[in-house]
file data17.cif (mmCIF, C-alpha atoms and all ligand atoms)
data_run
#
loop_
_atom_site.label_atom_id
_atom_site.label_comp_id
_atom_site.auth_asym_id
_atom_site.auth_seq_id
_atom_site.Cartn_x
_atom_site.Cartn_y
_atom_site.Cartn_z
CA MET A 440 0.00 0.00 0.00
CA GLU A 441 1.30 3.47 -0.91
CA LYS A 442 2.31 5.62 2.07
CA LEU A 443 -0.36 8.17 2.89
CA PRO A 444 0.65 11.79 2.44
CA TYR A 445 -1.27 12.99 5.50
CA ARG A 446 -1.79 11.51 8.92
CA LEU A 447 -5.36 10.40 8.32
CA GLN A 448 -5.68 8.54 11.59
CA HIS A 449 -9.44 8.29 11.32
CA LEU A 450 -9.11 6.35 8.06
CA ASN A 451 -9.19 2.57 8.28
CA SER A 452 -10.24 -0.25 5.95
CA GLU A 453 -13.74 -0.38 7.45
CA LYS A 454 -14.26 3.30 6.74
CA ILE A 455 -12.83 2.96 3.23
CA LEU A 456 -15.31 0.18 2.48
CA ALA A 457 -18.19 2.25 3.83
CA ILE A 458 -17.17 5.24 1.68
CA GLN A 459 -17.01 3.02 -1.41
CA ASP A 460 -20.36 1.34 -0.80
CA ASN A 461 -22.26 4.49 0.13
CA LEU A 462 -20.86 6.44 -2.78
CA ILE A 463 -21.47 3.76 -5.41
CA GLN A 464 -25.02 3.05 -4.23
CA TRP A 465 -25.81 6.75 -4.17
CA TYR A 466 -24.40 7.19 -7.68
CA GLU A 467 -26.42 4.25 -9.03
CA LYS A 468 -29.61 5.96 -7.87
CA ASN A 469 -28.79 9.61 -8.40
CA GLN A 470 -26.57 9.97 -11.45
CA ARG A 471 -27.71 12.41 -14.09
CA ASP A 472 -28.40 10.92 -17.49
CA LEU A 473 -25.62 12.45 -19.61
CA PRO A 474 -24.71 11.30 -23.14
CA TRP A 475 -21.12 10.35 -22.28
CA ARG A 476 -22.39 8.14 -19.48
CA ARG A 477 -24.15 5.90 -21.99
CA THR A 478 -20.86 4.69 -23.45
CA ASN A 479 -17.67 2.86 -22.54
CA ASN A 480 -15.90 4.10 -25.64
CA PRO A 481 -12.62 5.62 -24.38
CA TYR A 482 -12.53 8.08 -27.28
CA TYR A 483 -15.95 9.51 -26.39
CA ILE A 484 -15.08 9.64 -22.70
CA TRP A 485 -11.87 11.46 -23.58
CA ILE A 486 -13.77 14.05 -25.65
CA SER A 487 -16.30 14.64 -22.88
CA GLU A 488 -13.62 15.05 -20.23
CA ILE A 489 -11.67 17.58 -22.31
CA MET A 490 -14.86 19.52 -23.09
CA LEU A 491 -15.93 19.50 -19.44
CA GLN A 492 -12.72 21.21 -18.32
CA GLN A 493 -13.75 24.75 -17.39
CA THR A 494 -17.13 24.39 -19.11
CA ARG A 495 -20.58 23.69 -17.65
CA VAL A 496 -22.27 20.34 -18.23
CA ASP A 497 -25.36 21.95 -19.85
CA THR A 498 -23.17 23.72 -22.39
CA VAL A 499 -21.09 20.64 -23.16
CA ILE A 500 -24.02 18.31 -24.04
CA GLY A 501 -24.79 19.94 -27.41
CA TYR A 502 -21.13 20.30 -28.36
CA TYR A 503 -20.38 16.69 -27.39
CA ASN A 504 -23.23 15.26 -29.47
CA ALA A 505 -22.34 17.36 -32.50
CA PHE A 506 -18.62 16.60 -32.18
CA ILE A 507 -18.98 12.82 -32.10
CA GLU A 508 -21.45 12.98 -34.96
CA LYS A 509 -18.88 14.90 -37.01
CA PHE A 510 -15.87 12.85 -35.89
CA PRO A 511 -17.31 9.45 -34.85
CA ARG A 512 -13.97 7.62 -34.85
CA ILE A 513 -10.48 8.58 -33.71
CA GLU A 514 -9.37 8.34 -37.35
CA ASP A 515 -12.01 10.88 -38.39
CA LEU A 516 -10.64 13.40 -35.93
CA ALA A 517 -7.02 12.61 -36.80
CA ASN A 518 -7.65 13.10 -40.54
CA ALA A 519 -9.83 16.20 -40.25
CA ASP A 520 -8.77 19.64 -41.32
CA GLU A 521 -7.80 21.66 -38.23
CA ASP A 522 -10.19 24.44 -39.29
CA HIS A 523 -13.11 21.97 -39.17
CA VAL A 524 -12.13 20.82 -35.69
CA LEU A 525 -11.90 24.41 -34.47
CA LYS A 526 -15.26 25.17 -36.06
CA ALA A 527 -16.82 22.27 -34.12
CA TRP A 528 -15.25 23.73 -30.98
CA GLU A 529 -16.37 27.28 -31.71
CA GLY A 530 -17.86 28.89 -28.60
CA LEU A 531 -16.39 26.39 -26.13
CA GLY A 532 -13.26 28.51 -25.72
CA TYR A 533 -9.80 27.28 -24.74
CA TYR A 534 -9.15 26.28 -28.35
CA ASN A 535 -5.80 24.69 -27.51
CA ARG A 536 -7.81 21.86 -25.96
CA ALA A 537 -9.29 21.09 -29.38
CA LYS A 538 -5.91 21.28 -31.10
CA ARG A 539 -4.31 18.96 -28.58
CA LEU A 540 -7.25 16.58 -28.81
CA GLN A 541 -6.61 16.30 -32.53
CA GLN A 542 -2.84 15.94 -31.99
CA GLY A 543 -3.61 13.13 -29.52
CA ALA A 544 -5.89 11.43 -32.07
CA ARG A 545 -3.07 11.60 -34.63
CA VAL A 546 -0.62 9.97 -32.19
CA ILE A 547 -3.15 7.20 -31.45
CA VAL A 548 -3.60 6.52 -35.17
CA GLU A 549 0.13 6.56 -35.91
CA LYS A 550 1.37 4.66 -32.84
CA TYR A 551 -1.55 2.50 -31.74
CA GLY A 552 -3.48 1.79 -34.95
CA GLY A 553 -6.40 4.04 -33.98
CA GLU A 554 -7.11 2.26 -30.64
CA MET A 555 -6.79 4.15 -27.37
CA PRO A 556 -4.04 2.40 -25.38
CA LYS A 557 -5.04 0.98 -21.98
CA ASP A 558 -1.75 1.69 -20.27
CA TYR A 559 -1.71 4.65 -17.84
CA LYS A 560 1.69 5.94 -18.97
CA LYS A 561 0.90 5.66 -22.67
CA ILE A 562 -2.31 7.66 -22.22
CA LEU A 563 -0.56 10.25 -20.06
CA ASP A 564 2.01 10.75 -22.83
CA LEU A 565 -0.71 11.83 -25.30
CA PRO A 566 -0.90 15.59 -25.97
CA GLY A 567 -3.18 17.56 -23.66
CA ILE A 568 -3.92 14.71 -21.26
CA GLY A 569 -3.17 15.15 -17.56
CA PRO A 570 -3.49 12.72 -14.63
CA TYR A 571 -7.18 13.54 -14.07
CA THR A 572 -8.17 12.69 -17.66
CA VAL A 573 -6.11 9.47 -17.61
CA GLY A 574 -7.86 8.49 -14.37
CA ALA A 575 -11.26 9.16 -15.91
CA ILE A 576 -10.52 7.22 -19.12
CA THR A 577 -8.84 4.23 -17.45
CA SER A 578 -11.47 3.86 -14.73
CA ILE A 579 -14.60 4.49 -16.82
CA ALA A 580 -13.61 2.80 -20.09
CA PHE A 581 -11.20 0.10 -18.84
CA HIS A 582 -12.34 -0.40 -15.21
CA GLN A 583 -8.88 0.17 -13.78
CA PRO A 584 -8.72 1.40 -10.16
CA ILE A 585 -6.97 4.70 -10.89
CA ALA A 586 -7.97 7.94 -9.17
CA ALA A 587 -9.39 10.86 -11.20
CA VAL A 588 -8.85 13.92 -9.06
CA ASP A 589 -10.11 17.30 -10.24
CA GLY A 590 -11.23 20.40 -8.32
CA ASN A 591 -14.57 18.83 -7.37
CA VAL A 592 -12.94 15.69 -6.01
CA MET A 593 -10.30 17.68 -4.11
CA ARG A 594 -13.12 19.62 -2.43
CA VAL A 595 -14.84 16.39 -1.38
CA PHE A 596 -11.58 14.85 -0.11
CA SER A 597 -10.62 18.03 1.78
CA ARG A 598 -13.92 17.82 3.62
CA VAL A 599 -14.34 14.07 4.11
CA PHE A 600 -10.75 13.64 5.36
CA HIS A 601 -10.43 17.11 6.89
CA ILE A 602 -7.36 18.07 4.88
CA LYS A 603 -6.22 21.63 5.45
CA GLU A 604 -3.89 21.99 2.46
CA ASP A 605 -4.08 24.56 -0.32
CA ILE A 606 -5.73 22.77 -3.26
CA MET A 607 -4.17 25.23 -5.70
CA LEU A 608 -0.76 23.64 -5.05
CA ASP A 609 0.46 20.85 -7.29
CA LYS A 610 1.82 19.05 -4.24
CA THR A 611 -1.69 18.90 -2.75
CA ARG A 612 -3.16 17.50 -5.96
CA LYS A 613 -0.52 14.77 -6.03
CA ASN A 614 -1.24 13.91 -2.40
CA MET A 615 -4.97 13.81 -3.12
CA GLU A 616 -4.27 11.39 -5.98
CA LYS A 617 -2.49 9.11 -3.53
CA ILE A 618 -5.56 9.21 -1.30
CA GLY A 619 -7.80 8.60 -4.31
CA ASN A 620 -5.73 5.56 -5.31
CA LEU A 621 -5.99 4.25 -1.75
CA VAL A 622 -9.73 4.62 -1.30
CA ILE A 623 -10.94 3.79 -4.83
CA SER A 624 -13.15 0.72 -5.19
CA HIS A 625 -11.49 -2.13 -7.08
CA LYS A 626 -14.89 -3.70 -7.70
CA ASN A 627 -16.33 -0.69 -9.46
CA PRO A 628 -13.70 2.02 -10.05
CA SER A 629 -15.84 3.59 -12.77
CA TYR A 630 -18.82 4.30 -10.52
CA PHE A 631 -16.57 5.24 -7.61
CA ASN A 632 -14.81 7.97 -9.61
CA GLN A 633 -17.98 9.14 -11.30
CA GLY A 634 -19.76 9.10 -7.95
CA LEU A 635 -17.15 11.40 -6.45
CA MET A 636 -17.41 13.79 -9.41
CA GLU A 637 -21.20 13.77 -9.21
CA LEU A 638 -21.17 14.28 -5.45
CA GLY A 639 -18.90 17.32 -5.89
CA ALA A 640 -21.17 18.71 -8.60
CA LEU A 641 -24.56 18.12 -6.92
CA ILE A 642 -24.16 17.75 -3.15
CA CYS A 643 -20.74 18.75 -1.85
CA THR A 644 -20.88 22.09 -3.65
CA PRO A 645 -18.38 24.94 -3.04
CA THR A 646 -20.86 26.88 -0.91
CA SER A 647 -23.72 25.51 1.20
CA PRO A 648 -22.97 21.78 0.79
CA LYS A 649 -26.14 19.71 1.18
CA CYS A 650 -24.78 17.50 3.97
CA VAL A 651 -28.17 16.10 5.01
CA ALA A 652 -28.58 14.58 1.54
CA CYS A 653 -25.00 13.30 1.39
CA PRO A 654 -24.20 9.58 1.34
CA LEU A 655 -20.98 10.34 3.26
CA TYR A 656 -22.76 12.25 6.05
CA ASN A 657 -21.65 9.86 8.81
CA LEU A 658 -18.17 9.43 7.36
CA CYS A 659 -17.23 13.06 6.82
CA GLU A 660 -14.76 14.62 9.26
CA ALA A 661 -15.45 18.22 8.23
CA ARG A 662 -19.18 17.72 8.76
CA ARG A 663 -18.53 16.11 12.15
CA LEU A 664 -16.44 19.12 13.17
CA ASN A 665 -18.87 21.50 11.45
CA VAL A 666 -16.09 23.11 9.38
CA GLN A 667 -17.29 22.02 5.94
CA GLU A 668 -17.90 25.60 4.77
CA SER A 669 -14.30 26.61 5.48
CA LEU A 670 -12.81 23.83 3.34
CA PRO A 671 -11.12 23.38 0.95
CA LEU A 672 -8.31 25.87 1.50
CA LYS A 673 -7.68 27.70 -1.74
CA THR A 674 -5.40 30.65 -2.46
CA LYS A 675 -6.99 33.29 -4.65
CA LYS A 676 -5.98 33.42 -8.31
CA PRO A 677 -4.02 36.55 -9.26
CA LYS A 678 -6.16 39.17 -11.02
CA GLN A 679 -6.12 39.04 -14.80
CA LYS A 680 -3.78 41.49 -16.46
CA GLU A 681 -5.68 44.02 -18.59
CA ILE A 682 -4.59 44.56 -22.18
CA ILE A 683 -6.11 47.14 -24.52
CA MET A 684 -6.68 45.58 -27.93
CA GLU A 685 -7.67 47.44 -31.06
CA MET A 686 -9.79 45.57 -33.61
CA ALA A 687 -10.68 46.58 -37.15
CA LEU A 688 -13.91 46.27 -39.06
CA VAL A 689 -12.95 46.81 -42.68
CA CYS A 690 -15.81 46.49 -45.14
CA ARG A 691 -16.00 46.10 -48.92
CA SER A 692 -19.66 46.38 -49.96
CA GLU A 693 -21.38 43.43 -48.16
CA ASP A 694 -18.13 41.74 -47.10
CA MET A 695 -15.93 42.19 -44.07
CA LEU A 696 -12.28 41.37 -43.70
CA ILE A 697 -11.19 38.53 -41.45
CA THR A 698 -7.67 37.26 -40.84
CA LYS A 699 -6.21 34.02 -39.56
CA ARG A 700 -4.36 34.51 -36.31
CA PRO A 701 -0.77 33.21 -36.07
CA LYS A 702 -0.63 29.49 -35.13
CA GLU A 703 1.16 30.12 -31.85
CA GLY A 704 -0.28 32.21 -29.04
CA LEU A 705 -3.73 33.15 -27.79
CA LEU A 706 -6.54 31.97 -30.12
CA GLY A 707 -3.82 30.73 -32.49
CA GLY A 708 -4.98 29.46 -35.88
CA LEU A 709 -8.49 30.89 -35.53
CA TRP A 710 -10.13 33.34 -37.87
CA ALA A 711 -10.87 36.75 -36.38
CA LEU A 712 -11.13 40.44 -37.07
CA PRO A 713 -7.71 42.02 -37.58
CA SER A 714 -6.46 43.01 -34.14
CA THR A 715 -3.42 44.22 -32.29
CA LYS A 716 -2.34 45.33 -28.85
CA LYS A 717 -2.62 49.11 -28.50
CA ASP A 718 0.72 50.86 -28.49
CA SER A 719 0.50 53.32 -25.58
CA GLY A 720 2.64 55.82 -27.53
CA LEU A 721 0.08 56.08 -30.37
CA ILE A 722 -3.27 57.83 -30.54
CA ASP A 723 -6.44 55.69 -30.41
CA GLY A 724 -6.99 53.58 -33.53
CA GLU A 725 -3.51 54.19 -34.91
CA SER A 726 -2.07 50.85 -33.74
CA ILE A 727 -4.64 48.84 -35.68
CA ARG A 728 -4.37 51.11 -38.73
CA LEU A 729 -0.60 50.45 -38.81
CA GLU A 730 -1.17 46.72 -38.25
CA LEU A 731 -3.41 46.59 -41.34
CA LEU A 732 -0.83 48.40 -43.41
CA GLU A 733 2.34 46.72 -42.19
CA ASN A 734 1.07 43.15 -41.74
CA TYR A 735 -1.42 42.87 -44.59
CA GLY A 736 -0.61 45.77 -46.92
CA ILE A 737 -4.12 47.13 -46.44
CA ARG A 738 -4.64 50.90 -46.75
CA VAL A 739 -7.69 52.32 -45.04
CA SER A 740 -9.29 55.69 -44.46
CA ASN A 741 -12.15 57.29 -42.51
CA MET A 742 -11.58 55.70 -39.13
CA GLU A 743 -14.67 55.61 -36.92
CA TYR A 744 -14.75 54.36 -33.31
CA VAL A 745 -17.61 51.84 -32.94
CA LEU A 746 -17.69 50.28 -29.46
CA GLU A 747 -15.79 48.73 -26.61
CA LYS A 748 -16.22 45.24 -25.09
CA ILE A 749 -14.47 43.23 -22.42
CA HIS A 750 -13.43 39.61 -22.82
CA ILE A 751 -11.85 37.62 -20.02
CA PHE A 752 -9.45 34.74 -20.57
CA THR A 753 -7.88 32.70 -17.77
CA HIS A 754 -4.92 34.99 -17.17
CA ILE A 755 -5.71 38.16 -19.07
CA LYS A 756 -8.54 40.56 -19.72
CA TRP A 757 -8.94 42.10 -23.15
CA LYS A 758 -10.44 45.55 -23.32
CA MET A 759 -11.41 45.46 -27.00
CA LYS A 760 -11.94 48.68 -28.94
CA LEU A 761 -13.51 48.27 -32.34
CA TYR A 762 -12.79 50.74 -35.17
CA ARG A 763 -14.49 50.80 -38.54
CA PHE A 764 -12.48 51.74 -41.63
CA ASP A 765 -13.15 52.21 -45.33
CA LEU A 766 -10.90 50.28 -47.65
CA LEU A 767 -9.04 52.65 -49.98
CA LYS A 768 -10.32 52.09 -53.49
CA GLY A 769 -8.15 50.39 -56.08
CA LYS A 770 -6.20 48.30 -53.60
CA GLU A 771 -6.39 44.57 -54.42
CA ILE A 772 -5.52 42.24 -51.60
CA ASP A 773 -4.26 38.75 -52.33
CA TYR A 774 -2.96 37.08 -49.19
CA PRO A 775 -3.73 33.51 -48.05
CA GLU A 776 -4.32 34.41 -44.41
CA ILE A 777 -7.03 36.95 -45.10
CA GLN A 778 -10.56 36.51 -46.45
CA TRP A 779 -13.46 38.74 -47.44
CA VAL A 780 -16.69 37.21 -46.20
CA ASN A 781 -20.32 38.19 -45.93
CA LYS A 782 -22.42 37.37 -42.85
CA LYS A 783 -23.58 34.03 -44.27
CA GLN A 784 -20.08 32.89 -45.25
CA LEU A 785 -18.78 33.92 -41.83
CA GLU A 786 -20.73 31.00 -40.34
CA ASN A 787 -18.26 28.60 -41.99
CA PHE A 788 -15.32 29.96 -40.00
CA ALA A 789 -14.38 29.19 -36.40
CA LEU A 790 -14.69 32.60 -34.80
CA PRO A 791 -13.73 33.01 -31.12
CA THR A 792 -16.43 34.33 -28.77
CA ALA A 793 -14.39 37.48 -28.07
CA PHE A 794 -14.81 38.53 -31.72
CA LYS A 795 -18.40 37.37 -32.02
CA LYS A 796 -19.25 39.82 -29.26
CA LEU A 797 -18.02 42.65 -31.45
CA ILE A 798 -19.62 41.57 -34.69
CA LYS A 799 -23.06 40.80 -33.22
CA THR A 800 -23.58 44.35 -32.04
S1 LIG B 1 -21.16 15.57 4.51
FE1 LIG B 1 -21.25 17.61 3.63
S2 LIG B 1 -19.15 18.32 3.57
FE2 LIG B 1 -19.10 16.12 3.90
S3 LIG B 1 -18.85 15.26 1.88
FE3 LIG B 1 -21.01 15.31 2.30
S4 LIG B 1 -21.73 17.27 1.48
FE4 LIG B 1 -19.51 17.35 1.61
#
call {"tool": "encode", "arguments": {"input": "data17.cif", "output": "structure tokens"}}
result
Amino acid sequence: MEKLPYRLQHLNSEKILAIQDNLIQWYEKNQRDLPWRRTNNPYYIWISEIMLQQTRVDTVIGYYNAFIEKFPRIEDLANADEDHVLKAWEGLGYYNRAKRLQQGARVIVEKYGGEMPKDYKKILDLPGIGPYTVGAITSIAFHQPIAAVDGNVMRVFSRVFHIKEDIMLDKTRKNMEKIGNLVISHKNPSYFNQGLMELGALICTPTSPKCVACPLYNLCEARRLNVQESLPLKTKKPKQKEIIMEMALVCRSEDMLITKRPKEGLLGGLWALPSTKKDSGLIDGESIRLELLENYGIRVSNMEYVLEKIHIFTHIKWKMKLYRFDLLKGKEIDYPEIQWVNKKQLENFALPTAFKKLIKT
């Protein structure tokens, strides 16, 4: 047995068995009917877990169904055009997740003949897959007793075992994984892990946990000590850095200009309005005018300020200022990374939410 990271003196094999039984029975009766729970296909479980990172279940359902309809097999995703994958991901945000999902599918096709490997280490080596996702895939699809510890599960563990460690620290997550691997049911690892996730989502919520409805009521140390509301310990995230971005709406009769963002960096490889970070030494609108000229050879006139919107990413906040320009007559633009599109054609491009906010208004 692996050495426990904390001195959990109140934990013994009898209590572990009770946690397993109560949790699994509760999950059997109370699980929500979600599309990815109707399958043991590791590829579908993988997609759902990547989509569910930082995104609400209600939002993911539609995307998940559409995605597996478009790319029903790992080979379909591996062979797809990246633009099509990003289009299917449009609106979910965190587009690097979609790119890495496709890179992972390509590795599986090249190295494992299109079959998801069953080995923990081989799955962990795939692009964009961390220990939580491996735990979810191996336990749900292959019934291996491997912990899947995300924020929800860390909250439940902090409370049930009364762990007063900062869950934002990597060290704490690793220790929680050790606990997860110790307490997981070997009879039904799939339902045990899913039960923990479901408990964190429905009952052991961040605020006002519904302890009276909880299957672990009599087994929970934090509840016994009445300190459940003060756990888990979590340091606050640093505030997002604000960046002023200038965006351009350049029109040619019914069409507007869109550009493909550089592959690397924020929203890389996605189509968007031309944009640039405002140079604090320049007057408003001048940074984007120069960007159009220097990067795309586009000359514009008649600048008009349109509106301002905020978009928040994980670490930064964009204050987006939109300017409308007229294209100077007689200038032909022939450049592969730019397109002129009307509103209807725009629907065929993966456009990040930040830019949709500007165009809709
Ligand atoms: S008893 Fe309350 S605090 Fe403990 S696991 Fe259940 S819901 Fe969470």
call {"tool": "closest_residue", "arguments": {"input": "data17.cif", "among": "A:Asn504, A:Lys699, A:Val588, A:Tyr466", "to": "Asn620 of chain A", "atoms": "all atoms listed in the file"}}
result
A:Val588
call {"tool": "residues_near_ligand", "arguments": {"input": "data17.cif", "ligand": "ligand LIG 1 (chain B)", "cutoff": "8 Å", "atoms": "all atoms listed in the file", "output": "VMD selection string"}}
result
chain A and resid 594 to 596 598 to 599 638 to 639 642 to 644 648 to 662 667 to 668
call {"tool": "closest_residue", "arguments": {"input": "data17.cif", "among": "A:Leu525, A:Met555, A:Ile568, A:Val666", "to": "Tyr483 of chain A", "atoms": "all atoms listed in the file"}}
result
A:Met555
call {"tool": "atom_distance", "arguments": {"input": "data17.cif", "atom1": "atom CA of Leu635 of chain A", "atom2": "atom CA of Pro511 of chain A"}}
result
28.5 Å
call {"tool": "closest_residue", "arguments": {"input": "data17.cif", "among": "A:Asn632, A:Met615, A:His601, A:His449", "to": "Ile585 of chain A", "atoms": "all atoms listed in the file"}}
result
A:Asn632
call {"tool": "closest_residue", "arguments": {"input": "data17.cif", "among": "A:Gly543, A:Pro701, A:Pro713, A:Pro671", "to": "Asp564 of chain A", "atoms": "all atoms listed in the file"}}
result
A:Gly543
call {"tool": "residues_near_point", "arguments": {"input": "data17.cif", "point": "(-14.7, 45.2, -32.9)", "cutoff": "12 Å", "atoms": "all atoms listed in the file", "output": "VMD selection string"}}
result
chain A and resid 684 to 689 695 to 697 711 to 715 724 727 743 to 750 757 to 764 792 to 800
call {"tool": "atom_distance", "arguments": {"input": "data17.cif", "atom1": "atom CA of Trp779 of chain A", "atom2": "atom CA of Arg738 of chain A"}}
result
15.0 Å
call {"tool": "residues_around", "arguments": {"input": "data17.cif", "residues": "Leu790 of chain A", "least_positions_apart": "6", "cutoff": "7 Å", "atoms": "all atoms listed in the file", "output": "NGL selection string"}}
result
:A and (529 or 709-711)
call {"tool": "residues_around", "arguments": {"input": "data17.cif", "residues": "Lys468 of chain A", "least_positions_apart": "6", "cutoff": "12 Å", "atoms": "all atoms listed in the file", "output": "list of chain:residue names"}}
result
A:Asn461, A:Leu462, A:Tyr630, A:Gly634, A:Glu637, A:Pro654
call {"tool": "residues_near_point", "arguments": {"input": "data17.cif", "point": "(-2.8, 12.1, -10.1)", "cutoff": "6 Å", "atoms": "all atoms listed in the file", "output": "CSV table (one decimal) with C-alpha atoms, in the coordinates of the input"}}
result
chain,number,residue,atom,x,y,z
A,570,PRO,CA,-3.5,12.7,-14.6
A,613,LYS,CA,-0.5,14.8,-6.0
A,616,GLU,CA,-4.3,11.4,-6.0
call {"tool": "residues_around", "arguments": {"input": "data17.cif", "residues": "segment 531-535 of chain A", "least_positions_apart": "6", "cutoff": "9 Å", "atoms": "all atoms listed in the file", "output": "PyMOL selection string"}}
result
chain A and resi 490+493-494+498-499+502+525+567+705-707+709+752+791-792
call {"tool": "closest_residue", "arguments": {"input": "data17.cif", "among": "A:Leu516, A:Leu563, A:Ala580, A:Leu731", "to": "Thr478 of chain A", "atoms": "all atoms listed in the file"}}
result
A:Ala580
call {"tool": "closest_residue", "arguments": {"input": "data17.cif", "among": "A:Ile458, A:Tyr503, A:Asn787, A:Asp520", "to": "Gly619 of chain A", "atoms": "only C-alpha atoms"}}
result
A:Ile458
call {"tool": "residues_around", "arguments": {"input": "data17.cif", "residues": "Leu672 of chain A", "least_positions_apart": "6", "cutoff": "9 Å", "atoms": "all atoms listed in the file", "output": "NGL selection string"}}
result
:A and (594 or 597 or 602-607)
call {"tool": "atom_distance", "arguments": {"input": "data17.cif", "atom1": "atom CA of Gln542 of chain A", "atom2": "atom CA of Thr698 of chain A"}}
result
23.6 Å
call {"tool": "build_atoms", "arguments": {"input": "data17.cif", "residues": "segment 673-684 of chain A", "atoms": "N, CA and C atoms", "output": "short mmCIF file (atom, residue, chain, number, x, y, z; two decimals), in the coordinates of the input"}}
result
data_model
loop_
_atom_site.label_atom_id
_atom_site.label_comp_id
_atom_site.auth_asym_id
_atom_site.auth_seq_id
_atom_site.Cartn_x
_atom_site.Cartn_y
_atom_site.Cartn_z
N LYS A 673 -7.97 27.38 -0.33
CA LYS A 673 -7.68 27.70 -1.74
C LYS A 673 -7.14 29.12 -1.82
N THR A 674 -5.93 29.28 -2.30
CA THR A 674 -5.40 30.65 -2.46
C THR A 674 -6.11 31.29 -3.66
N LYS A 675 -6.28 32.59 -3.57
CA LYS A 675 -6.99 33.29 -4.65
C LYS A 675 -6.09 33.38 -5.88
N LYS A 676 -6.74 33.26 -7.06
CA LYS A 676 -5.98 33.42 -8.31
C LYS A 676 -5.56 34.88 -8.46
N PRO A 677 -4.38 35.14 -9.04
CA PRO A 677 -4.02 36.55 -9.26
C PRO A 677 -5.00 37.18 -10.25
N LYS A 678 -5.22 38.48 -10.12
CA LYS A 678 -6.16 39.17 -11.02
C LYS A 678 -5.64 39.13 -12.46
N GLN A 679 -6.57 39.06 -13.41
CA GLN A 679 -6.12 39.04 -14.80
C GLN A 679 -5.49 40.37 -15.18
N LYS A 680 -4.43 40.29 -15.98
CA LYS A 680 -3.78 41.49 -16.46
C LYS A 680 -4.63 42.09 -17.59
N GLU A 681 -4.85 43.40 -17.54
CA GLU A 681 -5.68 44.02 -18.59
C GLU A 681 -4.83 44.49 -19.77
N ILE A 682 -5.28 44.14 -20.96
CA ILE A 682 -4.59 44.56 -22.18
C ILE A 682 -5.60 45.28 -23.07
N ILE A 683 -5.21 46.44 -23.58
CA ILE A 683 -6.11 47.14 -24.52
C ILE A 683 -5.80 46.63 -25.92
N MET A 684 -6.83 46.11 -26.57
CA MET A 684 -6.68 45.58 -27.93
C MET A 684 -7.48 46.46 -28.88
#
